[in-house]
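Asker: Got a structure for you, questions after.
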Amino acid sequence: MLSFGSKFAYVPRQRQPDQVAVEYSEEALVDNLNDVAPDLDDDLFQAASMPPPPPQQTPLTAPPPPPSTTSPSSTTTSTNSDLDSLLSTLDSMPSPPPVSDLPPPPTSSFAPPPLPPTRMNSAPPRANASSAKPRAFLLQKRLPSQPPQMQQQQMQMQQQQMQMQQQQLQPQMQPQMQQQQQMQQPARKVKHVRAVDTNVFTVKFGFLSQNVELATGDPVFCTACGSCLSSVDKVTTPEGIAQYDIRTAGGAQTWKCTFCGHDNNVHVSPEELPKGDIVDYVLQAPTGTAAASPEATSLVFCVDTSGSMCVSYEMPGKFKLKGDHMTKLSGLNTERADQYLPGQRRETTWVSRLQTLQAAISTQLETLARERPERTVGLVSFNNDVTVFGDGTATPITVAGDKLDNYDELVRQSAELTLTTPIARAKEALSRKLFELEENGQTALGPALVLAAGIAAQKRGSEVVICTDGLANKGIGSMEFIEVPDQREAIERFYENVGLTAKTNGVVVSVLSIKGSEAGVEHLGTVADATGGAVSMIEPTELTKNFSSILANPVIATHVKAKIILHQGMYVRTDDAKNASQSTEEIGNVTAESECTFEYGTKPSEEIPGYDSLEFLPFQVQIEYTKLDGMKCVRIISHKQPITHDLDHAVQDANIEVLGVNAVRQAAKTARSGDYTAARFTNLAHRQLIQKAAKPQQSEQVQAYMAQNCVFEENLLHAQQREVADVGALFDDNDEGAVEAEIAVRKASNMCRRKAARQDSESAAIWSAKNMNAKALYKKS
């Protein structure tokens with residue numbers, strides 16, 4: 001199913017640049033993005049590559065001379081040099097306490113303007129009019145004692161002399177002060193930001209579970225562009241009949257491709273012609289060993305039982321916990337009474353992280369036994385060792401020692417561990433094993449992940465849910481020495497390889513990390529992202545809700561690949577800027593909520609045959625996928641979109657749901673590439689577009705999007721503020737004066753540095769945003 005960002009495809013009469021050059025200062029960037037570029041609205045909508053005007057400077061002007069009470073002749077210039085010498089000496093002396101009976105000191109007009117306030121500006125405040133030492137004040141305190149009347153007359157004289165000196169020096173100091181002002185103004189940098197518009201469409205993969213027209217025969221592809229003969233190739237006859245544009249001459253058939261205009265020789269019977277806009281072609285029949293439905297797949301819980309899982313939380317209410325091992329110590333309490341510290345609350349219960357996890361998994365076992373009784377469920381725990389409980393009906397197997405560092409041995413052993421007993425019959429046994437778990441030791445997360453993914457791989461469409469609260473620090477995948485560059489590269493390769501293997505085997509891996517701890521979500525998220533899983537940082541009390549949302553969204557297809565084909569006058573916007581009319585995305589595993597967004601642009605009018613007469617633009621998506629029963633298909637989706645040359649027209653009929661999901665995903669994708677500055681500008685640009693396009697009846701959708709937008713912006717802002725605090729400046733995102741190769745190298749360097757510096761909350765926010773879907777974005781709280 002295709003959903004578009006507007007009812008109309010926006011086709012400008014003249015090609016607009018894809019990027020806008022925006023000026024910014026780093027000082028303002030780490031304070032408030034809206035203060036950096038408040039007028040991005042029109043620039044980014046119209047794609048006008050016009051930098052904002054430089055900040056206006058207030059010219060320096062000499063202050064008006066004060067009213068004089070004595071004649072100029074009474075002030076001699078012969079004492080100027082002596083006075084200056086005295087003033088220089090006094091300036092080096094400490095400031096005395098204020099004197100209340102003195103006249104107010106003169107205000108200096110030469111103080112340079114301070115830098116814009118920033119949250120991260122730790123430099124000492126610059127001297128200004130309010131902090132400069134008043135020389136008249138110092139003179140009054142330091143000159144030899146004189147009669148009060150004489151003191152007052154001399155004081156007035158000295159003030160007048162100082163004012164005259166300032167007026168005389170004004171022309172000479174003007175250039176110097178202007179130069180000082182320019183030096184103190186924040187340096188302006190340039191960032192190239194992709195212009196935004198409504199030329200977006202979403203491919204929603206949930207409809208792959210729906211039955212559509214099953215075509216007879218084989219698909220017919222254009223030999224030039226690869227598009228498939230479809231409903232967009234129909235033309236309307238003078239009699240008003242829609243029929244395929246296939247010409248027959250001398251027994252030969254010729255099909256003129258709607259996308260590229262190429263003439264193809266074809267052999268197709270009327271029965272083989274697609275009848276609708278969506279049609280399936282079977283590429284391979286089902287296999288006998290595959291799962292027939294989501295109910296026949298496996299689910300493996302991979303549970304952290306390291307020492308940190310004993311961290312406890314105070315919960316309101318008194319209740320008895322199932323599997324509470326503290327009851328073993330009850331014999332030490334001879335009085336059999338509750339014991340409390342002074343001031344401790346009575347009507348509460350302390351619950352550990354592991355206990356909340358046990359309760360959440362137990363609830364899921366009950367639900368699965370009732371609603372999906374034929375599904376097999378396994379349990380794997382890890383601390384110093386890895387223990388595989390399987391479905392709970394067999395003797396647990398412990399993997400320890402050198403085997404934890406041997407990837408091939410872990411893969412081999414996982415292939416021998418099978419889940420055979422459905423949850424309806426294994427629930428009681430598995431539940432007992434679950435509540436026997438205790439916290440102790442280190443965190444052998446990497447080996448446990450390999451074993452769990454290997455067990456799940458025996459049935460296509462199976463799932464693994466990792467629950468952890470700390471960094472892996474034992475066995476393969478250990479992050480204990482992640483600060484060492486070589487170790488970091490090895491760690492990244494390990495998790496990327498695990499993700500790719502699981503994706504190939506049709507396994508989805510989701511990660512649940514407990515808030516208040518660092519668990520290496522940046523690297524665990526690599527596995528979840530590759531396999532189509534979720535990444536969440538949650539409170540222990542929210543585990544049950546998050547389990548439910550993950551398990552209620554089963555895999556419906558694996559090995560999914562989407563090929564986008566546009567009209568030859570259009571191009572798919574991609575990071576490599578090839579401006580090609582086609583693009584292919586390797587999706588992997590999909591659920592009912594999976595979707596992917598694409599942006600497209602327009603080529604110059606001279607490259608579009610019949611540009612002026614165009615009324616519609618053809619779109620086609622070819623989705624290759626494998627069903628859970630092993631059947632391989634290709635689904636062809638074709639669509640004609642009416643066009644408009646007026647952007648305001650397209651914005652007026654915008655689809656906020658599609659634009660919002662695309663906005664979140666594009667900003668996250670840019671952040672993942674290492675360019676936080678461009679990601680924040682992208683976030684801002686899309687926000688302004690959605691606010692401009694929104695209608696009153698769409699207020700709930702806009703509010704939901706704005707909430708996600710603000711969370712994402714806040715995480716990137718904090719990350720950049722931490723950069724300034726840690727290294728004294730932002731990592732350089734400036735595009736001005738740099739060639740494309742230099743920008744690519746710098747972006748790659750920044751990506752590595754920022755990945756290493758990300759906190760779990762920031763990584764989770766970026767991973768979640770990168771795979772955002774409409775249901776998650778617009779869900780009602």
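Simple scheme: letters A, B, ... for chains in structure tokens order, numbers from 1 for residues in each chain, numbers from 1 for ligands in the order shown.
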From a DSSP pass on the backbone, collect the residues of segment 348-585 of chain A flagged as strand (DSSP E) and hand them back as a PyMOL selection string.

Answerer: chain A and resi 348-352+376-382+386-390+397-399+463-468+508-514+535-538+555-566+570-572+582-585

Asker: Rank A:Ala719, A:Ala534, A:Ala663, A:Val507 by their smallest atom-to-atom distance to Thr677 of chain A, using only C-alpha atoms, and report the top residue only.

Answerer: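 Using only C-alpha atoms, the shortest distance to Thr677 of chain A belongs to A:Ala719.
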
Asker: Tell me, as number ranges by chain, which residues lie within 10 Å of Asn497 of chain A, counting only C-alpha atoms; anything in the same chain fewer than 4 positions away does not count.

Answerer: A: 491-493, 501-503, 526-527, 530

Asker: What separation in Å, quoted to one decimal, exists between atom CA of Arg353 of chain A and atom CA of Leu449 of chain A?

Answerer: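 Going from atom CA of Arg353 of chain A over to atom CA of Leu449 of chain A, I get 19.9 Å.
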
Asker: What's the separation between atom CA of Arg460 of chain A and atom CA of Thr544 of chain A, in Å to one decimal place?

Answerer: 25.4 Å

Asker: Tell me which protein, DNA and RNA residues are within 12 Å of Val727 of chain A, counting only C-alpha atoms, leaving out same-chain ones fewer than 6 positions away, and put them as a list of chain:residue names.

Answerer: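 Contacts, with the query itself left out: A:Met120, A:Gln720, A:Gln721, A:Arg753, A:Ala757.
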
Asker: For the selection you just gave me, I'd like the residues written to a file as an mmCIF file, in the first residue's frame, keeping N, CA and C atoms.

Answerer:
```
data_model
loop_
_atom_site.group_PDB
_atom_site.id
_atom_site.type_symbol
_atom_site.label_atom_id
_atom_site.label_comp_id
_atom_site.auth_asym_id
_atom_site.auth_seq_id
_atom_site.Cartn_x
_atom_site.Cartn_y
_atom_site.Cartn_z
ATOM 1 N N MET A 120 26.173 26.636 27.376
ATOM 2 C CA MET A 120 27.448 25.972 27.559
ATOM 3 C C MET A 120 28.607 26.950 27.604
ATOM 4 N N GLN A 720 25.178 17.720 21.807
ATOM 5 C CA GLN A 720 26.093 18.767 21.366
ATOM 6 C C GLN A 720 26.574 19.617 22.547
ATOM 7 N N GLN A 721 25.734 19.829 23.528
ATOM 8 C CA GLN A 721 26.188 20.545 24.716
ATOM 9 C C GLN A 721 27.275 19.756 25.437
ATOM 10 N N ARG A 753 33.115 9.449 16.325
ATOM 11 C CA ARG A 753 33.290 10.127 17.614
ATOM 12 C C ARG A 753 31.957 10.249 18.346
ATOM 13 N N ALA A 757 30.438 8.616 21.935
ATOM 14 C CA ALA A 757 30.053 9.510 23.029
ATOM 15 C C ALA A 757 28.585 9.413 23.399
#
```

Asker: How far is it from atom CA of Val377 of chain A to atom CA of Gln355 of chain A, in Å with one decimal?

Answerer: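 Taking atom CA of Val377 of chain A and atom CA of Gln355 of chain A, their separation equals 19.6 Å.
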
Asker: Quick one: residues within 12 Å of His649 of chain A, only C-alpha atoms counted, chain neighbours fewer than 5 positions away excluded, as number ranges by chain?

Answerer: A: 6-12, 197-198, 642-644, 654, 693

Asker: Those residues you just picked out, can you put them in a file as a CSV table (one decimal), in the first residue's frame with C-alpha atoms?

Answerer:
```
chain,number,residue,atom,x,y,z
A,6,SER,CA,-0.1,15.1,-0.6
A,7,LYS,CA,-2.9,14.5,-3.0
A,8,PHE,CA,-0.7,16.0,-5.7
A,9,ALA,CA,2.9,15.5,-6.8
A,10,TYR,CA,4.6,18.9,-6.7
A,11,VAL,CA,6.4,19.5,-10.1
A,12,PRO,CA,7.9,23.0,-10.1
A,197,ASP,CA,8.3,19.7,0.4
A,198,THR,CA,5.4,17.3,0.2
A,642,PRO,CA,-2.0,13.9,-10.2
A,643,ILE,CA,0.5,16.8,-10.4
A,644,THR,CA,0.5,20.5,-9.5
A,654,ALA,CA,-0.9,17.5,2.6
A,693,ALA,CA,0.2,22.3,6.3
```

Asker: Hey, which bits of segment 543-600 of chain A sit within 12 Å of segment 256-266 of chain A, and for each residue what's the closest pair of atoms and how far apart in Å (one decimal), counting only C-alpha atoms, rows by chain and increasing number, as CSV?

Answerer:
```
residue,atom,partner,partner_atom,distance
A:Ile564,CA,A:Phe259,CA,11.6
A:Ile565,CA,A:Phe259,CA,7.9
A:Leu566,CA,A:Phe259,CA,6.5
A:His567,CA,A:Phe259,CA,4.5
A:Gln568,CA,A:Cys260,CA,5.4
A:Gly569,CA,A:Phe259,CA,8.8
A:Met570,CA,A:Phe259,CA,9.8
A:Tyr571,CA,A:Phe259,CA,11.7
A:Ser581,CA,A:Phe259,CA,9.2
A:Gln582,CA,A:Phe259,CA,10.6
```

Asker: Show me, as a CSV table (one decimal) with all heavy atoms, in the first residue's frame, the residues that have an atom within 9 Å of Asp735 of chain A when counting only C-alpha atoms, minus same-chain residues fewer than 5 positions from it.

Answerer:
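Written out: around.csv:
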```csv
chain,number,residue,atom,x,y,z
A,21,ALA,N,21.6,26.5,1.8
A,21,ALA,CA,22.7,26.9,2.6
A,21,ALA,C,22.2,27.8,3.8
A,21,ALA,O,21.7,28.9,3.5
A,21,ALA,CB,23.8,27.6,1.8
A,189,LYS,N,29.0,29.9,10.5
A,189,LYS,CA,29.3,28.7,9.7
A,189,LYS,C,28.1,28.4,8.8
A,189,LYS,O,27.1,29.0,8.9
A,189,LYS,CB,29.6,27.5,10.6
A,189,LYS,CG,30.9,27.8,11.4
A,189,LYS,CD,31.3,26.5,12.1
A,189,LYS,CE,32.7,26.7,12.8
A,189,LYS,NZ,33.2,25.5,13.4
A,190,VAL,N,28.3,27.5,7.9
A,190,VAL,CA,27.3,27.2,6.9
A,190,VAL,C,27.0,25.7,6.9
A,190,VAL,O,27.9,24.9,7.0
A,190,VAL,CB,27.8,27.6,5.4
A,190,VAL,CG1,26.8,27.1,4.4
A,190,VAL,CG2,28.0,29.1,5.3
A,191,LYS,N,25.7,25.4,6.9
A,191,LYS,CA,25.3,24.0,6.8
A,191,LYS,C,24.3,23.8,5.6
A,191,LYS,O,23.4,24.6,5.5
A,191,LYS,CB,24.6,23.6,8.1
A,191,LYS,CG,23.9,22.3,8.1
A,191,LYS,CD,24.8,21.1,7.7
A,191,LYS,CE,26.1,21.0,8.5
A,191,LYS,NZ,27.0,20.0,7.9
A,192,HIS,N,24.6,22.8,4.8
A,192,HIS,CA,23.7,22.5,3.7
A,192,HIS,C,22.6,21.6,4.2
A,192,HIS,O,22.8,20.5,4.6
A,192,HIS,CB,24.5,21.9,2.5
A,192,HIS,CG,25.5,22.8,1.9
A,192,HIS,ND1,26.6,22.4,1.3
A,192,HIS,CD2,25.5,24.2,1.9
A,192,HIS,CE1,27.3,23.4,0.9
A,192,HIS,NE2,26.7,24.5,1.2
A,740,GLU,N,33.2,18.1,-1.6
A,740,GLU,CA,32.3,17.0,-1.2
A,740,GLU,C,33.1,15.9,-0.5
A,740,GLU,O,32.7,15.3,0.5
A,740,GLU,CB,31.6,16.4,-2.4
A,740,GLU,CG,30.6,15.3,-2.1
A,740,GLU,CD,29.9,14.9,-3.4
A,740,GLU,OE1,29.9,15.6,-4.4
A,740,GLU,OE2,29.2,13.8,-3.3
A,743,ILE,N,33.9,16.8,3.1
A,743,ILE,CA,32.7,16.8,3.9
A,743,ILE,C,32.5,15.3,4.3
A,743,ILE,O,32.1,15.0,5.4
A,743,ILE,CB,31.5,17.4,3.2
A,743,ILE,CG1,31.8,18.9,3.0
A,743,ILE,CG2,30.2,17.1,4.0
A,743,ILE,CD1,30.7,19.6,2.2
```

Asker: Fewer than 3 positions away in the same chain doesn't count, so skip those; otherwise give me all residues within 7 Å of Val212 of chain A, counting only C-alpha atoms, as a ChimeraX atom specification.

Answerer: /A:278-280

Asker: Please produce a file of those selected residues containing all heavy atoms, as a short mmCIF file (atom, residue, chain, number, x, y, z; two decimals), in the first residue's frame.

Answerer:
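File selection22.cif, as written:
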```
data_model
loop_
_atom_site.label_atom_id
_atom_site.label_comp_id
_atom_site.auth_asym_id
_atom_site.auth_seq_id
_atom_site.Cartn_x
_atom_site.Cartn_y
_atom_site.Cartn_z
N ILE A 278 -2.74 -3.64 -7.67
CA ILE A 278 -1.87 -4.46 -6.82
C ILE A 278 -2.03 -5.91 -7.25
O ILE A 278 -3.14 -6.44 -7.31
CB ILE A 278 -2.23 -4.31 -5.33
CG1 ILE A 278 -2.18 -2.84 -4.90
CG2 ILE A 278 -1.28 -5.12 -4.46
CD1 ILE A 278 -2.61 -2.60 -3.48
N VAL A 279 -0.91 -6.54 -7.51
CA VAL A 279 -0.96 -7.92 -7.99
C VAL A 279 0.27 -8.66 -7.49
O VAL A 279 1.35 -8.10 -7.35
CB VAL A 279 -1.02 -7.96 -9.54
CG1 VAL A 279 0.20 -7.32 -10.17
CG2 VAL A 279 -1.22 -9.38 -10.04
N ASP A 280 0.09 -9.96 -7.18
CA ASP A 280 1.19 -10.83 -6.73
C ASP A 280 1.57 -11.81 -7.83
O ASP A 280 0.69 -12.36 -8.52
CB ASP A 280 0.75 -11.63 -5.49
CG ASP A 280 1.16 -10.97 -4.19
OD1 ASP A 280 1.79 -9.88 -4.25
OD2 ASP A 280 0.86 -11.51 -3.12
#
```

Asker: As a PyMOL selection string, please: every residue in segment 618-657 of chain A that a backbone DSSP assignment puts in alpha helix (DSSP H).

Answerer: chain A and resi 647-652+656-657
